[in-house]
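Below is one structure; the comments refer to it alone.
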Amino acid sequence: MDDTSFLRARSVRVGSLLAAAALASTALPAFADEGPDGQIVVTGAGLEKTPGTPAYSTVEIGRDAITTSASGRIEDVLTQVAGFQQFRRSDSRSSNPSAQGVTLRALGGNATSRALVLLDGVPMADPFFGYVPLPALTPDTLGSIRVTRGGGSGPFGAGALSGTIELESAGPDQLGLVNGQLLASQRGETEAALSIAPRLGSGFAVVSGRWDRGKGFFTTPESQRVPATVRARYESWSTQVRAVAPLTDTVELQARALVYRDDRLLRFKGATTSSEGQDASLRLVGRGDWQFDALAYVQVRNFDNIVVSATSFKPTLDQYDTPAQGLGGKFELRPPMGENDVLRLGVDWRRASGTMKENAISAATGAITARRRAGGNNTDLGFYAENDLTLGSLVLTGGLRADRTVIADGYFEVRNTAGTVTSRTDYATQTDWTVIWRGGAVLRVSDMIALRAAAYTGLRQPTLNELYRPFTVFPVTTQANAALRNEKQKGFEAGIDLTPAEGIRLSVTGFDNRIENAIANVTIGTNLRQRRNVDEIRARGIEASAHAEVGIVRFDGSLAWTDAEVLNGPLSNLTGKRPAQTPRLAASATLGLSPAVGWDIAATLRHVGQQYEDDLQIDSLKAATTLDMFAQVPLPRGISLVLRAENLFDTEIVTRNAGGSIDLGNPRTLWAGVRVKI
């Protein structure tokens, strides 16, 4: 898309969204219905978490930690939870969006998300690729994050193979009426964000936007640069409208519209990539005797990418259009069972459809040599039930889920330059019923000690991308595979939570998780891989976390040690090897000070261990330890000075190593700006 078209499209979409915001603002008071005492309180959140939630390894991140990240990006916030990882070490300013799959517990190995990411209950993964649109998830608008590691069987549980990341939006109490910031880095990059959160009648609305742009840095080491090498330039923007209103004294309506676009330039001149989306959702939450949560959403996404040869430095592939649509919804009911008995009954449905459109290009002549299309539809219909029983100091929880998965209408077609079909393959429909479950217990031995244990199974469908779309990260080509089967997980864990004093929490968890039919990029020839099901990926390890808040000092620490290996039969050269892109050790520690009202100073030390680029453990990515800093100093009239430092000691972070061809992650980046809250 040229600059003129891009700006025109952005103006139309932003204008449309602002018009929607104005409409929501005028409509909100009409929904209000006062309760018996004349006071109605809307939260904008879903139903309360159940008593059995602590049975699983769970970490919660508060707004203070969310808004004091050195990069201001959601992936940086989530790395506070050791074991969280993307396929690449790069953040969303310098990686290909299709590599933004997220996972937990070293159960990665490909670029698709094995963790379920929810924003106010809505799954956020791309319908075609399965990656998470990280630039659209702005930390400024979030109130809290809950990360649950391990398989899940609750709402949208098919997909929560390695865990669930629940993002909850902030309301007016946390945001204030006006909340904004403007920062610039030493490279001239800028970050601007603004939210307006007025209370309207008995409800509220939040209109927010963010715009990031910059010339970026050289991801290629200086010794490997050529005249075609360029900086990783980026520009992304997102605009969101969220409205919450009471329908009765126990029922509230929540509505959201999100529009975003992200453009990047990677490695070589002309190697552009972009992604965009328009999402909308409606949610009804009832908090009466019969509690319920009803949700419906629609997602319209797109992606394009130009592959440039690393030898001729000319385009060889133009993936010019990948339109995808996601539809879904859920209904959950909690009947009145008594104070110590919480029952959840629910049904959810998701449908993902999309088409890849790409042109193969001759590097010698620049002419199109073939036109390819591929796509299909995936659906998942799930029924679930969970029950939590509180028996004094013991809480028992158990859940059962049945999923009907369908992979249909898959095809791969090639046309010549004249438009004549030269080959076409239509793939058979795959259907399956799968039952998964989870169960756990928490025993509160005393006010200081809680013991917990859990076991679970999980399920993930292959994405349309894995099934039908080949890709190239030059010089390596990875083929799709329409015969891929559903991944299935089995796991168990046990842990102890300690609260030795007020404001101090310690937690240790041991786990053993395995994924059967794990989808991996398997080497089948020189510079050639194919997505295939391997027998199993097994990950065993220990997770530890600590939180302390004493006076003006706070500390948050997290560590994950994981022994992960591929098991693919005695004759396979993959057996016994660690999954690609999987570190053995990851750790994070943040020390913060709040010496006075409005002051905030924090330092974060992170370490990620050595990992391998490929499944055969030929190319290695060395370990990296980085230090980030954050400082906020109050000024008059609700204004604060903000200073941030990413990778303060300029550690070299290797993000890709293909036979010695290296990509690097974010170097030292210093930010300064202002933050306003009214």
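Please note that chains go A, B, ... in the order of the structure tokens, that every chain numbers its residues from 1, and that ligands are numbered from 1 in the order shown.
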Fewer than 5 positions away in the same chain doesn't count, so skip those; otherwise give me all residues within 12 Å of Glu222 (chain A), counting only C-alpha atoms, as a list in words.
Phe217, Pro227, Thr229, Val230, Arg231, Ser661, Ile662, Asp663 and Leu664 of chain A
Resulting file, chosen residues, all heavy atoms, as a PDB file, in the first residue's frame:
```pdb
ATOM      1  N   PHE A 217      16.394   0.313  14.188  1.00  0.00           N
ATOM      2  CA  PHE A 217      17.828   0.046  14.291  1.00  0.00           C
ATOM      3  C   PHE A 217      18.197  -1.022  13.257  1.00  0.00           C
ATOM      4  O   PHE A 217      17.329  -1.643  12.635  1.00  0.00           O
ATOM      5  CB  PHE A 217      18.180  -0.426  15.700  1.00  0.00           C
ATOM      6  CG  PHE A 217      17.449  -1.671  16.126  1.00  0.00           C
ATOM      7  CD1 PHE A 217      18.009  -2.934  15.939  1.00  0.00           C
ATOM      8  CD2 PHE A 217      16.188  -1.596  16.702  1.00  0.00           C
ATOM      9  CE1 PHE A 217      17.329  -4.078  16.306  1.00  0.00           C
ATOM     10  CE2 PHE A 217      15.506  -2.744  17.079  1.00  0.00           C
ATOM     11  CZ  PHE A 217      16.074  -3.983  16.880  1.00  0.00           C
ATOM     12  N   PRO A 227      24.810  -3.057   0.776  1.00  0.00           N
ATOM     13  CA  PRO A 227      24.123  -1.808   0.395  1.00  0.00           C
ATOM     14  C   PRO A 227      22.605  -1.883   0.525  1.00  0.00           C
ATOM     15  O   PRO A 227      21.948  -0.860   0.740  1.00  0.00           O
ATOM     16  CB  PRO A 227      24.551  -1.624  -1.065  1.00  0.00           C
ATOM     17  CG  PRO A 227      25.910  -2.250  -1.132  1.00  0.00           C
ATOM     18  CD  PRO A 227      25.835  -3.434  -0.219  1.00  0.00           C
ATOM     19  N   THR A 229      20.962  -3.374   2.907  1.00  0.00           N
ATOM     20  CA  THR A 229      20.559  -3.479   4.307  1.00  0.00           C
ATOM     21  C   THR A 229      19.931  -2.174   4.783  1.00  0.00           C
ATOM     22  O   THR A 229      20.445  -1.088   4.500  1.00  0.00           O
ATOM     23  CB  THR A 229      21.772  -3.817   5.192  1.00  0.00           C
ATOM     24  OG1 THR A 229      22.347  -5.050   4.752  1.00  0.00           O
ATOM     25  CG2 THR A 229      21.351  -3.951   6.646  1.00  0.00           C
ATOM     26  N   VAL A 230      18.850  -2.284   5.512  1.00  0.00           N
ATOM     27  CA  VAL A 230      18.158  -1.095   6.024  1.00  0.00           C
ATOM     28  C   VAL A 230      17.830  -1.296   7.505  1.00  0.00           C
ATOM     29  O   VAL A 230      17.897  -2.401   8.042  1.00  0.00           O
ATOM     30  CB  VAL A 230      16.843  -0.824   5.249  1.00  0.00           C
ATOM     31  CG1 VAL A 230      17.133  -0.459   3.807  1.00  0.00           C
ATOM     32  CG2 VAL A 230      15.906  -2.025   5.333  1.00  0.00           C
ATOM     33  N   ARG A 231      17.472  -0.199   8.125  1.00  0.00           N
ATOM     34  CA  ARG A 231      17.006  -0.256   9.508  1.00  0.00           C
ATOM     35  C   ARG A 231      15.608  -0.874   9.574  1.00  0.00           C
ATOM     36  O   ARG A 231      14.866  -0.869   8.585  1.00  0.00           O
ATOM     37  CB  ARG A 231      16.953   1.151  10.112  1.00  0.00           C
ATOM     38  CG  ARG A 231      18.316   1.808  10.311  1.00  0.00           C
ATOM     39  CD  ARG A 231      18.146   3.250  10.779  1.00  0.00           C
ATOM     40  NE  ARG A 231      19.417   3.891  11.058  1.00  0.00           N
ATOM     41  CZ  ARG A 231      19.986   3.953  12.269  1.00  0.00           C
ATOM     42  NH1 ARG A 231      19.343   3.411  13.301  1.00  0.00           N
ATOM     43  NH2 ARG A 231      21.128   4.549  12.451  1.00  0.00           N
ATOM     44  N   SER A 661      24.057 -16.403   9.429  1.00  0.00           N
ATOM     45  CA  SER A 661      23.361 -15.163   9.071  1.00  0.00           C
ATOM     46  C   SER A 661      22.551 -14.730  10.289  1.00  0.00           C
ATOM     47  O   SER A 661      21.616 -15.421  10.700  1.00  0.00           O
ATOM     48  CB  SER A 661      22.453 -15.387   7.865  1.00  0.00           C
ATOM     49  OG  SER A 661      21.700 -14.218   7.590  1.00  0.00           O
ATOM     50  N   ILE A 662      22.910 -13.568  10.841  1.00  0.00           N
ATOM     51  CA  ILE A 662      22.431 -13.177  12.170  1.00  0.00           C
ATOM     52  C   ILE A 662      21.441 -12.017  12.079  1.00  0.00           C
ATOM     53  O   ILE A 662      21.587 -11.109  11.268  1.00  0.00           O
ATOM     54  CB  ILE A 662      23.630 -12.742  13.058  1.00  0.00           C
ATOM     55  CG1 ILE A 662      24.614 -13.898  13.217  1.00  0.00           C
ATOM     56  CG2 ILE A 662      23.155 -12.242  14.416  1.00  0.00           C
ATOM     57  CD1 ILE A 662      24.104 -15.073  13.978  1.00  0.00           C
ATOM     58  N   ASP A 663      20.433 -12.059  12.949  1.00  0.00           N
ATOM     59  CA  ASP A 663      19.591 -10.895  13.248  1.00  0.00           C
ATOM     60  C   ASP A 663      19.754 -10.568  14.718  1.00  0.00           C
ATOM     61  O   ASP A 663      19.920 -11.463  15.561  1.00  0.00           O
ATOM     62  CB  ASP A 663      18.115 -11.185  12.966  1.00  0.00           C
ATOM     63  CG  ASP A 663      17.772 -11.036  11.491  1.00  0.00           C
ATOM     64  OD1 ASP A 663      18.632 -10.581  10.726  1.00  0.00           O
ATOM     65  OD2 ASP A 663      16.646 -11.400  11.118  1.00  0.00           O
ATOM     66  N   LEU A 664      19.672  -9.266  15.022  1.00  0.00           N
ATOM     67  CA  LEU A 664      19.846  -8.801  16.391  1.00  0.00           C
ATOM     68  C   LEU A 664      18.576  -8.153  16.914  1.00  0.00           C
ATOM     69  O   LEU A 664      17.774  -7.608  16.158  1.00  0.00           O
ATOM     70  CB  LEU A 664      21.000  -7.792  16.468  1.00  0.00           C
ATOM     71  CG  LEU A 664      22.376  -8.296  16.010  1.00  0.00           C
ATOM     72  CD1 LEU A 664      23.384  -7.163  16.046  1.00  0.00           C
ATOM     73  CD2 LEU A 664      22.837  -9.466  16.882  1.00  0.00           C
TER      74      LEU A 664
END
```
Select from region 51-162 of chain A every residue with an atom at most 9 Å from any atom of region 478-489 of chain A, then for each give the shortest pair of atoms and their distance in Å to one decimal, using only C-alpha atoms, rows by chain and rising number, as CSV.
```
residue,atom,partner,partner_atom,distance
A:Gly151,CA,A:Gln489,CA,7.2
A:Leu161,CA,A:Gln489,CA,6.4
A:Ser162,CA,A:Gln489,CA,8.4
```
Using only C-alpha atoms, can you tell me which of A:Leu142, A:Ala501, A:Leu467, A:Leu116 comes closest to Gly159 (chain A)?
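Ranking A:Leu142, A:Ala501, A:Leu467, A:Leu116 by distance to Gly159 (chain A), first place goes to A:Leu116.
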Report as an MDAnalysis selection string all protein, DNA and RNA residues lying within 10 Å of Ile368 (chain A), evaluated on only C-alpha atoms, omitting residues in the same chain fewer than 2 positions from it.
chainID A and resid 316:318 359:363 365:366 370:371 416:417
Would you save the residues of that selection, restricted to C-alpha atoms, as a compact mmCIF listing (two decimals), in the first residue's frame?
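out_6.txt was written with the following content:
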```txt
# COMPACT_ATOMS: atom_id res chain seq x y z
CA THR A 316 11.21 -13.20 -4.79
CA LEU A 317 7.73 -13.44 -3.24
CA ASP A 318 4.86 -10.98 -2.79
CA ASN A 359 2.84 -14.07 -6.35
CA ALA A 360 6.17 -15.79 -6.94
CA ILE A 361 8.66 -13.38 -8.57
CA SER A 362 11.77 -14.00 -10.62
CA ALA A 363 14.74 -12.33 -8.92
CA THR A 365 13.68 -10.36 -14.29
CA GLY A 366 11.23 -9.12 -11.65
CA ALA A 370 3.24 -18.03 -10.55
CA ARG A 371 0.13 -16.90 -8.69
CA ASN A 416 0.31 -19.09 -14.40
CA THR A 417 0.78 -15.47 -15.36
```
Which neighbours of Ala494 (chain A) fall inside 10 Å, counting only C-alpha atoms, when residues of the same chain fewer than 4 positions from it are skipped, and could you give them as a PyMOL selection string?
chain A and resi 55-57+440-442+451-455+508-512+542
Return as a tab-separated table the residues of region 97-131 of chain A lying at most 12 Å from region 263-281 of chain A, together with the closest atom-to-atom pair for each and the distance in Å to one decimal, counting only C-alpha atoms, with rows in chain order and ascending residue number.
```
residue	atom	partner	partner_atom	distance
A:Pro97	CA	A:Ser275	CA	7.3
A:Ser98	CA	A:Ser275	CA	9.2
A:Ala99	CA	A:Thr273	CA	11.9
A:Gln100	CA	A:Ser275	CA	11.8
A:Leu119	CA	A:Ser281	CA	10.5
A:Asp120	CA	A:Ser281	CA	9.7
A:Gly121	CA	A:Ser281	CA	9.8
A:Val122	CA	A:Ser281	CA	7.7
A:Pro123	CA	A:Ser281	CA	10.6
A:Met124	CA	A:Asp279	CA	9.3
A:Ala125	CA	A:Gly277	CA	11.3
A:Asp126	CA	A:Gly277	CA	9.1
A:Pro127	CA	A:Gly277	CA	10.7
A:Phe128	CA	A:Ser275	CA	11.8
A:Phe129	CA	A:Ser275	CA	11.2
A:Tyr131	CA	A:Ser275	CA	11.0
```
Can those selected residues be exported to a file as an mmCIF file, in the first residue's frame so that it contains N, CA, C and O atoms?
```
data_model
loop_
_atom_site.group_PDB
_atom_site.id
_atom_site.type_symbol
_atom_site.label_atom_id
_atom_site.label_comp_id
_atom_site.auth_asym_id
_atom_site.auth_seq_id
_atom_site.Cartn_x
_atom_site.Cartn_y
_atom_site.Cartn_z
ATOM 1 N N PRO A 97 5.311 -10.001 11.996
ATOM 2 C CA PRO A 97 4.120 -10.248 12.820
ATOM 3 C C PRO A 97 3.752 -11.720 12.921
ATOM 4 O O PRO A 97 3.253 -12.171 13.962
ATOM 5 N N SER A 98 4.001 -12.490 11.863
ATOM 6 C CA SER A 98 3.619 -13.900 11.877
ATOM 7 C C SER A 98 4.451 -14.721 12.856
ATOM 8 O O SER A 98 4.148 -15.898 13.097
ATOM 9 N N ALA A 99 5.506 -14.114 13.437
ATOM 10 C CA ALA A 99 6.322 -14.803 14.444
ATOM 11 C C ALA A 99 5.917 -14.409 15.856
ATOM 12 O O ALA A 99 6.617 -14.739 16.810
ATOM 13 N N GLN A 100 4.783 -13.724 16.008
ATOM 14 C CA GLN A 100 4.362 -13.230 17.314
ATOM 15 C C GLN A 100 3.437 -14.206 18.037
ATOM 16 O O GLN A 100 2.582 -13.806 18.810
ATOM 17 N N LEU A 119 -8.643 -10.662 25.694
ATOM 18 C CA LEU A 119 -8.815 -9.262 26.074
ATOM 19 C C LEU A 119 -10.270 -9.072 26.469
ATOM 20 O O LEU A 119 -11.158 -9.138 25.620
ATOM 21 N N ASP A 120 -10.518 -8.893 27.757
ATOM 22 C CA ASP A 120 -11.886 -8.796 28.274
ATOM 23 C C ASP A 120 -12.736 -9.969 27.793
ATOM 24 O O ASP A 120 -13.888 -9.801 27.381
ATOM 25 N N GLY A 121 -12.141 -11.144 27.820
ATOM 26 C CA GLY A 121 -12.856 -12.361 27.477
ATOM 27 C C GLY A 121 -12.838 -12.743 26.017
ATOM 28 O O GLY A 121 -13.293 -13.838 25.665
ATOM 29 N N VAL A 122 -12.307 -11.895 25.126
ATOM 30 C CA VAL A 122 -12.315 -12.149 23.682
ATOM 31 C C VAL A 122 -10.962 -12.720 23.239
ATOM 32 O O VAL A 122 -9.924 -12.113 23.498
ATOM 33 N N PRO A 123 -10.924 -13.882 22.555
ATOM 34 C CA PRO A 123 -9.660 -14.404 22.026
ATOM 35 C C PRO A 123 -9.061 -13.433 21.010
ATOM 36 O O PRO A 123 -9.760 -12.931 20.129
ATOM 37 N N MET A 124 -7.759 -13.172 21.129
ATOM 38 C CA MET A 124 -7.127 -12.151 20.292
ATOM 39 C C MET A 124 -6.238 -12.712 19.189
ATOM 40 O O MET A 124 -5.742 -11.962 18.359
ATOM 41 N N ALA A 125 -6.013 -14.013 19.149
ATOM 42 C CA ALA A 125 -5.128 -14.577 18.129
ATOM 43 C C ALA A 125 -5.690 -14.355 16.735
ATOM 44 O O ALA A 125 -6.906 -14.377 16.519
ATOM 45 N N ASP A 126 -4.793 -14.144 15.780
ATOM 46 C CA ASP A 126 -5.201 -13.922 14.401
ATOM 47 C C ASP A 126 -5.891 -15.161 13.852
ATOM 48 O O ASP A 126 -5.411 -16.290 14.037
ATOM 49 N N PRO A 127 -7.050 -15.007 13.161
ATOM 50 C CA PRO A 127 -7.793 -16.175 12.672
ATOM 51 C C PRO A 127 -7.013 -17.033 11.683
ATOM 52 O O PRO A 127 -7.234 -18.245 11.610
ATOM 53 N N PHE A 128 -6.114 -16.451 10.915
ATOM 54 C CA PHE A 128 -5.372 -17.216 9.910
ATOM 55 C C PHE A 128 -4.062 -17.758 10.473
ATOM 56 O O PHE A 128 -3.766 -18.940 10.368
ATOM 57 N N PHE A 129 -3.277 -16.876 11.089
ATOM 58 C CA PHE A 129 -1.919 -17.247 11.495
ATOM 59 C C PHE A 129 -1.835 -17.812 12.910
ATOM 60 O O PHE A 129 -0.948 -18.609 13.207
ATOM 61 N N TYR A 131 -1.022 -15.833 15.389
ATOM 62 C CA TYR A 131 -0.179 -14.918 16.167
ATOM 63 C C TYR A 131 -1.052 -13.901 16.890
ATOM 64 O O TYR A 131 -2.238 -13.734 16.601
#
```
For Lys357 (chain A), list every protein, DNA or RNA residue within 7 Å, evaluated using only C-alpha atoms, and leave out those in the same chain fewer than 4 positions away; present the list as a list in words.
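Non-adjacent residues within range: Gln319, Tyr320, Asp321, Thr322, Arg372, Arg373 and Ala374 of chain A.
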Now that the selection is made, can you save its residues with all heavy atoms as a PDB file, in the first residue's frame?
```
ATOM      1  N   GLN A 319       3.534 -11.719  -0.913  1.00  0.00           N
ATOM      2  CA  GLN A 319       2.316 -12.197  -0.237  1.00  0.00           C
ATOM      3  C   GLN A 319       1.435 -10.962  -0.019  1.00  0.00           C
ATOM      4  O   GLN A 319       1.441 -10.355   1.043  1.00  0.00           O
ATOM      5  CB  GLN A 319       2.686 -12.881   1.077  1.00  0.00           C
ATOM      6  CG  GLN A 319       3.558 -14.118   0.855  1.00  0.00           C
ATOM      7  CD  GLN A 319       4.120 -14.684   2.142  1.00  0.00           C
ATOM      8  OE1 GLN A 319       4.424 -13.961   3.072  1.00  0.00           O
ATOM      9  NE2 GLN A 319       4.265 -16.003   2.188  1.00  0.00           N
ATOM     10  N   TYR A 320       0.699 -10.606  -1.052  1.00  0.00           N
ATOM     11  CA  TYR A 320       0.104  -9.278  -1.115  1.00  0.00           C
ATOM     12  C   TYR A 320      -1.227  -9.153  -0.382  1.00  0.00           C
ATOM     13  O   TYR A 320      -1.706  -8.050  -0.141  1.00  0.00           O
ATOM     14  CB  TYR A 320      -0.068  -8.838  -2.575  1.00  0.00           C
ATOM     15  CG  TYR A 320      -1.003  -9.696  -3.399  1.00  0.00           C
ATOM     16  CD1 TYR A 320      -2.353  -9.391  -3.507  1.00  0.00           C
ATOM     17  CD2 TYR A 320      -0.523 -10.813  -4.075  1.00  0.00           C
ATOM     18  CE1 TYR A 320      -3.212 -10.167  -4.266  1.00  0.00           C
ATOM     19  CE2 TYR A 320      -1.377 -11.598  -4.828  1.00  0.00           C
ATOM     20  CZ  TYR A 320      -2.717 -11.279  -4.928  1.00  0.00           C
ATOM     21  OH  TYR A 320      -3.572 -12.055  -5.669  1.00  0.00           O
ATOM     22  N   ASP A 321      -1.843 -10.285  -0.030  1.00  0.00           N
ATOM     23  CA  ASP A 321      -3.170 -10.180   0.589  1.00  0.00           C
ATOM     24  C   ASP A 321      -3.469 -11.484   1.333  1.00  0.00           C
ATOM     25  O   ASP A 321      -3.397 -12.564   0.746  1.00  0.00           O
ATOM     26  CB  ASP A 321      -4.225  -9.937  -0.495  1.00  0.00           C
ATOM     27  CG  ASP A 321      -5.553  -9.441   0.071  1.00  0.00           C
ATOM     28  OD1 ASP A 321      -5.556  -8.911   1.191  1.00  0.00           O
ATOM     29  OD2 ASP A 321      -6.575  -9.575  -0.627  1.00  0.00           O
ATOM     30  N   THR A 322      -3.796 -11.364   2.611  1.00  0.00           N
ATOM     31  CA  THR A 322      -4.198 -12.541   3.386  1.00  0.00           C
ATOM     32  C   THR A 322      -5.416 -12.175   4.229  1.00  0.00           C
ATOM     33  O   THR A 322      -5.336 -12.051   5.454  1.00  0.00           O
ATOM     34  CB  THR A 322      -3.047 -13.036   4.291  1.00  0.00           C
ATOM     35  OG1 THR A 322      -1.827 -13.057   3.558  1.00  0.00           O
ATOM     36  CG2 THR A 322      -3.335 -14.437   4.817  1.00  0.00           C
ATOM     37  N   ARG A 372      -0.371 -17.885  -6.536  1.00  0.00           N
ATOM     38  CA  ARG A 372      -0.817 -18.963  -5.656  1.00  0.00           C
ATOM     39  C   ARG A 372      -1.888 -18.457  -4.685  1.00  0.00           C
ATOM     40  O   ARG A 372      -1.824 -17.311  -4.210  1.00  0.00           O
ATOM     41  CB  ARG A 372       0.365 -19.535  -4.875  1.00  0.00           C
ATOM     42  CG  ARG A 372       1.423 -20.163  -5.751  1.00  0.00           C
ATOM     43  CD  ARG A 372       2.432 -20.937  -4.928  1.00  0.00           C
ATOM     44  NE  ARG A 372       3.391 -20.059  -4.282  1.00  0.00           N
ATOM     45  CZ  ARG A 372       4.648 -19.865  -4.681  1.00  0.00           C
ATOM     46  NH1 ARG A 372       5.083 -20.492  -5.767  1.00  0.00           N
ATOM     47  NH2 ARG A 372       5.450 -19.071  -4.035  1.00  0.00           N
ATOM     48  N   ARG A 373      -2.835 -19.354  -4.426  1.00  0.00           N
ATOM     49  CA  ARG A 373      -3.867 -19.085  -3.419  1.00  0.00           C
ATOM     50  C   ARG A 373      -4.062 -20.334  -2.569  1.00  0.00           C
ATOM     51  O   ARG A 373      -3.948 -21.453  -3.066  1.00  0.00           O
ATOM     52  CB  ARG A 373      -5.201 -18.697  -4.056  1.00  0.00           C
ATOM     53  CG  ARG A 373      -5.217 -17.310  -4.677  1.00  0.00           C
ATOM     54  CD  ARG A 373      -6.634 -16.877  -4.971  1.00  0.00           C
ATOM     55  NE  ARG A 373      -6.696 -15.518  -5.487  1.00  0.00           N
ATOM     56  CZ  ARG A 373      -7.805 -14.796  -5.595  1.00  0.00           C
ATOM     57  NH1 ARG A 373      -8.962 -15.335  -5.232  1.00  0.00           N
ATOM     58  NH2 ARG A 373      -7.791 -13.568  -6.060  1.00  0.00           N
ATOM     59  N   ALA A 374      -4.375 -20.114  -1.294  1.00  0.00           N
ATOM     60  CA  ALA A 374      -4.647 -21.230  -0.396  1.00  0.00           C
ATOM     61  C   ALA A 374      -5.497 -20.731   0.757  1.00  0.00           C
ATOM     62  O   ALA A 374      -5.459 -19.544   1.112  1.00  0.00           O
ATOM     63  CB  ALA A 374      -3.348 -21.840   0.132  1.00  0.00           C
TER      64      ALA A 374
END
```
Restricting to only C-alpha atoms, whichever of A:Ile165, A:Ala193, A:Val522, A:Val406 is closest to Asn573 (chain A) is A:Val522
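The two atoms in question, CA of Ala65 (chain A) and CA of Val77 (chain A), are spaced 7.5 Å apart.
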Given only C-alpha atoms, how would the per-residue table for region 556-668 of chain A near region 79-91 of chain A read, listing every residue at most 6 Å away with its closest atom pair and distance in Å to one decimal, sorted by chain and number, as a Markdown table?
```
| residue | atom | partner | partner_atom | distance |
| --- | --- | --- | --- | --- |
| A:Ser558 | CA | A:Ala82 | CA | 5.3 |
| A:Leu559 | CA | A:Ala82 | CA | 5.1 |
| A:Ala560 | CA | A:Ala82 | CA | 5.3 |
| A:Ala586 | CA | A:Ala82 | CA | 5.5 |
| A:Ala587 | CA | A:Ala82 | CA | 5.3 |
| A:Ser588 | CA | A:Gln80 | CA | 5.7 |
| A:Thr655 | CA | A:Arg89 | CA | 5.2 |
| A:Gly665 | CA | A:Ser90 | CA | 5.2 |
```
Which residue, A:Glu75, A:Asp619, A:Glu413, A:Glu332, has the smallest gap to Val132 (chain A) when you use only C-alpha atoms?
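Answer, going by the shortest atom-to-atom distance: A:Glu75.
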Leaving out Pro139 (chain A) and any residue of its chain fewer than 2 positions from it, which residues lie within 8 Å of it when counting only C-alpha atoms, given as a ChimeraX atom specification?
/A:66-67,72-74,137,141-142
Given the choices A:Pro155, A:Thr425, A:Val550, A:Arg460, which gets closest to Phe383 (chain A) if the distance is worked out from only C-alpha atoms?
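Answer, going by the shortest atom-to-atom distance: A:Pro155.
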Could you pull the residues within 12 Å of Lys49 (chain A), counting only C-alpha atoms, minus those fewer than 3 positions along the same chain, as a list in words?
Ala45, Gly46, Gly52, Thr53, Pro54, Thr58, Arg146, Gly154, Glu166, Arg334, Val342, Leu343, Arg344 and Asp388 of chain A
Ile436 (chain A) proximity check over A:Gly130, A:Gly660, A:Pro335, A:Gly157, using only C-alpha atoms: winner is A:Gly157
